[in-house]
Amino acid sequence: MIGRLTGILVEKNPPQILLDVQGVAYEVDVPMSTFFNLPGTGEPVTLHTHLVVREDAHLLYGFGSEAERSAFRQLLRISGIGARTALAVLSGLSVGDLAQAVTMQETGRLTRIPGIGKKTAERLLLELKDKLGANLAAAVGVHRLPPASADVLNALLALGYSDKEATGAVKSLPEGVAVADGIRQALKLLAKG
């Protein structure tokens, strides 16, 4: 198993990069979260890796952090989720956002990722609930919102607001607000912002 690579970044063609490690160039697929944090070509880079061995290919996946690789491996353990889908999930959500979605059981965040439908999102949330949610939520400091706040957040996501906008609006709401009032207040805040 290849666990980590350190070398010079030769090419960047999303989602794949070419990494020269002492004269041997490795093709590595990376999630977009890692891709956007890579240095320019010709610069040194270190990636945590996961090797997938198939009948027809050996595929190498790289991650900027150990948490990303760990989340990728948890996703691969789910029946019906392959490496491409797991990479898409990590490209669409940061590890912290994924942990929060799992903790709060929010299918809306997952269905926004290309290739993830409602049934797949529900299966992901169910399978990751005990594995990823608790461990990762504690590691990245995710706290469960009260049920009304979670409903307001889901309503804002359904209306097309980004995760960042919706979460920011929900955090500024007073505690104990009813769902309908919370949605109204959050929409006013978002309209001002």
# chains A, B, ... in the order shown; residues from 1 in each chain; ligands from 1
>>> residues_around(residues="Tyr26 of chain A", least_positions_apart="2", cutoff="10 Å", atoms="only C-alpha atoms", output="PyMOL selection string")
chain A and resi 5+7+9-10+17-21+23-24+28-29+59-60
>>> select_by_dssp(residues="segment 26-69 of chain A", states="alpha helix (DSSP H)", output="ChimeraX atom specification")
/A:32-35,66-69
>>> residues_around(residues="Ala86 of chain A", least_positions_apart="2", cutoff="6 Å", atoms="only C-alpha atoms", output="list in words")
Phe72, Leu75, Ala83, Arg84, Ala88 and Val89 of chain A
>>> closest_residue(among="A:Glu11, A:Glu68, A:Gly62, A:Lys171", to="Gly40 of chain A", atoms="only C-alpha atoms")
A:Glu11
>>> residues_around(residues="Lys118 of chain A", least_positions_apart="4", cutoff="8 Å", atoms="only C-alpha atoms", output="list in words")
Thr107, Thr111 and Glu122 of chain A
>>> write_last_selection(atoms="C-alpha atoms", output="PDB file, in the first residue's frame")
ATOM      1  CA  THR A 107     -29.923  14.850   2.786  1.00  0.00           C
ATOM      2  CA  THR A 111     -28.128  15.717  -3.048  1.00  0.00           C
ATOM      3  CA  GLU A 122     -30.146   8.680   2.645  1.00  0.00           C
TER       4      GLU A 122
END
>>> atom_distance(atom1="atom CA of Gly92 of chain A", atom2="atom CA of Ile113 of chain A")
5.7 Å
>>> closest_residue(among="A:Leu76, A:Ser162, A:Val152, A:Arg4", to="Ala186 of chain A", atoms="only C-alpha atoms")
A:Val152
>>> select_by_dssp(residues="segment 4-193 of chain A", states="strand (DSSP E)", output="PyMOL selection string")
chain A and resi 4-13+16-21+24-29+44-53+58-63
>>> write_last_selection(atoms="N, CA and C atoms", output="tab-separated table (two decimals), in the first residue's frame")
chain	number	residue	atom	x	y	z
A	4	ARG	N	1.72	7.54	1.52
A	4	ARG	CA	2.01	8.97	1.40
A	4	ARG	C	3.04	9.18	0.30
A	5	LEU	N	2.87	10.28	-0.43
A	5	LEU	CA	3.84	10.64	-1.46
A	5	LEU	C	4.31	12.06	-1.23
A	6	THR	N	5.60	12.28	-1.39
A	6	THR	CA	6.18	13.62	-1.35
A	6	THR	C	7.01	13.78	-2.61
A	7	GLY	N	6.71	14.82	-3.36
A	7	GLY	CA	7.43	15.04	-4.60
A	7	GLY	C	7.15	16.41	-5.18
A	8	ILE	N	7.52	16.57	-6.45
A	8	ILE	CA	7.34	17.84	-7.14
A	8	ILE	C	6.09	17.74	-8.01
A	9	LEU	N	5.23	18.74	-7.90
A	9	LEU	CA	4.01	18.80	-8.69
A	9	LEU	C	4.37	19.16	-10.13
A	10	VAL	N	4.08	18.25	-11.07
A	10	VAL	CA	4.46	18.44	-12.47
A	10	VAL	C	3.29	18.99	-13.29
A	11	GLU	N	2.11	18.41	-13.13
A	11	GLU	CA	0.93	18.83	-13.89
A	11	GLU	C	-0.30	18.87	-12.99
A	12	LYS	N	-1.23	19.77	-13.37
A	12	LYS	CA	-2.51	19.87	-12.67
A	12	LYS	C	-3.62	19.88	-13.72
A	13	ASN	N	-4.35	18.77	-13.82
A	13	ASN	CA	-5.50	18.65	-14.72
A	13	ASN	C	-6.66	18.10	-13.91
A	16	GLN	N	-7.10	15.29	-11.68
A	16	GLN	CA	-5.86	14.51	-11.61
A	16	GLN	C	-4.63	15.41	-11.61
A	17	ILE	N	-3.62	14.96	-10.87
A	17	ILE	CA	-2.33	15.66	-10.87
A	17	ILE	C	-1.24	14.64	-11.21
A	18	LEU	N	-0.09	15.16	-11.61
A	18	LEU	CA	1.07	14.31	-11.87
A	18	LEU	C	2.14	14.73	-10.87
A	19	LEU	N	2.59	13.78	-10.06
A	19	LEU	CA	3.53	14.06	-8.99
A	19	LEU	C	4.83	13.28	-9.25
A	20	ASP	N	5.94	14.02	-9.39
A	20	ASP	CA	7.25	13.41	-9.65
A	20	ASP	C	7.93	13.12	-8.31
A	21	VAL	N	8.11	11.84	-8.02
A	21	VAL	CA	8.77	11.42	-6.78
A	21	VAL	C	10.10	10.78	-7.17
A	24	VAL	N	10.08	9.16	-10.64
A	24	VAL	CA	8.92	8.35	-10.98
A	24	VAL	C	7.69	9.26	-10.87
A	25	ALA	N	6.93	9.40	-11.97
A	25	ALA	CA	5.76	10.29	-11.97
A	25	ALA	C	4.49	9.47	-11.67
A	26	TYR	N	3.77	9.87	-10.65
A	26	TYR	CA	2.53	9.19	-10.25
A	26	TYR	C	1.34	10.03	-10.68
A	27	GLU	N	0.34	9.39	-11.31
A	27	GLU	CA	-0.93	10.03	-11.60
A	27	GLU	C	-1.80	9.84	-10.36
A	28	VAL	N	-2.26	10.94	-9.79
A	28	VAL	CA	-3.02	10.88	-8.55
A	28	VAL	C	-4.31	11.67	-8.73
A	29	ASP	N	-5.45	11.04	-8.44
A	29	ASP	CA	-6.73	11.74	-8.45
A	29	ASP	C	-6.94	12.35	-7.08
A	44	PRO	N	7.16	21.62	-4.30
A	44	PRO	CA	7.02	20.35	-3.58
A	44	PRO	C	5.64	20.22	-2.92
A	45	VAL	N	5.17	18.99	-2.85
A	45	VAL	CA	3.87	18.73	-2.23
A	45	VAL	C	3.90	17.35	-1.57
A	46	THR	N	3.15	17.22	-0.47
A	46	THR	CA	2.99	15.93	0.22
A	46	THR	C	1.51	15.60	0.26
A	47	LEU	N	1.17	14.38	-0.14
A	47	LEU	CA	-0.21	13.92	-0.14
A	47	LEU	C	-0.34	12.60	0.62
A	48	HIS	N	-1.41	12.48	1.41
A	48	HIS	CA	-1.79	11.20	2.00
A	48	HIS	C	-2.51	10.45	0.89
A	49	THR	N	-2.21	9.19	0.69
A	49	THR	CA	-2.76	8.48	-0.46
A	49	THR	C	-3.51	7.22	-0.08
A	50	HIS	N	-4.34	6.79	-1.02
A	50	HIS	CA	-5.08	5.54	-0.91
A	50	HIS	C	-4.99	4.86	-2.26
A	51	LEU	N	-4.54	3.62	-2.29
A	51	LEU	CA	-4.38	2.87	-3.53
A	51	LEU	C	-5.54	1.90	-3.70
A	52	VAL	N	-6.21	1.99	-4.86
A	52	VAL	CA	-7.29	1.07	-5.20
A	52	VAL	C	-6.77	0.15	-6.29
A	53	VAL	N	-6.77	-1.15	-6.01
A	53	VAL	CA	-6.30	-2.14	-6.97
A	53	VAL	C	-7.52	-2.82	-7.58
A	58	HIS	N	-4.51	0.10	-11.36
A	58	HIS	CA	-4.13	0.49	-10.01
A	58	HIS	C	-4.35	2.00	-9.95
A	59	LEU	N	-5.28	2.46	-9.12
A	59	LEU	CA	-5.63	3.87	-9.06
A	59	LEU	C	-5.18	4.47	-7.74
A	60	LEU	N	-4.54	5.61	-7.82
A	60	LEU	CA	-4.01	6.27	-6.63
A	60	LEU	C	-4.81	7.55	-6.37
A	61	TYR	N	-5.30	7.69	-5.15
A	61	TYR	CA	-6.06	8.87	-4.74
A	61	TYR	C	-5.27	9.60	-3.67
A	62	GLY	N	-5.20	10.93	-3.79
A	62	GLY	CA	-4.42	11.72	-2.86
A	62	GLY	C	-5.26	12.73	-2.11
A	63	PHE	N	-4.83	13.05	-0.88
A	63	PHE	CA	-5.59	13.95	-0.01
A	63	PHE	C	-4.63	14.86	0.75
>>> closest_residue(among="A:Ser149, A:Ser172, A:Gln74, A:Thr167", to="Glu127 of chain A", atoms="only C-alpha atoms")
A:Gln74
>>> residues_around(residues="Leu93 of chain A", least_positions_apart="2", cutoff="9 Å", atoms="only C-alpha atoms", output="number ranges by chain")
A: 33, 88-91, 95-98, 109-110, 113
>>> write_last_selection(atoms="N, CA and C atoms", output="CSV table (one decimal), in the first residue's frame")
chain,number,residue,atom,x,y,z
A,33,SER,N,-11.3,19.9,-3.1
A,33,SER,CA,-10.8,20.6,-1.9
A,33,SER,C,-9.3,20.5,-1.8
A,88,ALA,N,-16.3,12.6,-5.4
A,88,ALA,CA,-17.2,13.6,-5.7
A,88,ALA,C,-17.8,14.2,-4.4
A,89,VAL,N,-18.1,13.3,-3.4
A,89,VAL,CA,-18.6,13.8,-2.1
A,89,VAL,C,-17.6,14.7,-1.5
A,90,LEU,N,-16.3,14.3,-1.4
A,90,LEU,CA,-15.3,15.2,-0.8
A,90,LEU,C,-15.0,16.4,-1.6
A,91,SER,N,-15.3,16.4,-2.9
A,91,SER,CA,-15.1,17.6,-3.7
A,91,SER,C,-16.2,18.6,-3.5
A,95,VAL,N,-14.6,18.0,4.9
A,95,VAL,CA,-14.8,17.0,5.8
A,95,VAL,C,-15.7,17.5,7.0
A,96,GLY,N,-15.5,18.7,7.4
A,96,GLY,CA,-16.3,19.3,8.5
A,96,GLY,C,-17.8,19.4,8.1
A,97,ASP,N,-18.0,19.8,6.8
A,97,ASP,CA,-19.4,19.9,6.3
A,97,ASP,C,-20.1,18.6,6.2
A,98,LEU,N,-19.3,17.6,5.8
A,98,LEU,CA,-19.8,16.2,5.7
A,98,LEU,C,-20.2,15.7,7.0
A,109,ARG,N,-27.9,18.6,1.7
A,109,ARG,CA,-26.5,18.9,1.3
A,109,ARG,C,-25.9,17.9,0.4
A,110,LEU,N,-26.2,16.6,0.6
A,110,LEU,CA,-25.6,15.6,-0.2
A,110,LEU,C,-26.2,15.5,-1.6
A,113,ILE,N,-24.6,17.4,-4.6
A,113,ILE,CA,-23.4,16.8,-5.2
A,113,ILE,C,-23.8,16.1,-6.5
>>> atom_distance(atom1="atom CA of Ser94 of chain A", atom2="atom CA of Asn154 of chain A")
17.9 Å
>>> residues_around(residues="Gly80 of chain A", least_positions_apart="2", cutoff="10 Å", atoms="only C-alpha atoms", output="PyMOL selection string")
chain A and resi 75-78+82+85+120+123-124
>>> residues_around(residues="Gly160 of chain A", least_positions_apart="3", cutoff="12 Å", atoms="only C-alpha atoms", output="list in words")
Gly108, Arg109, Arg112, Leu153, Asn154, Ala155, Leu156, Leu157, Asp163, Lys164, Glu165, Ala166, Leu187 and Leu190 of chain A
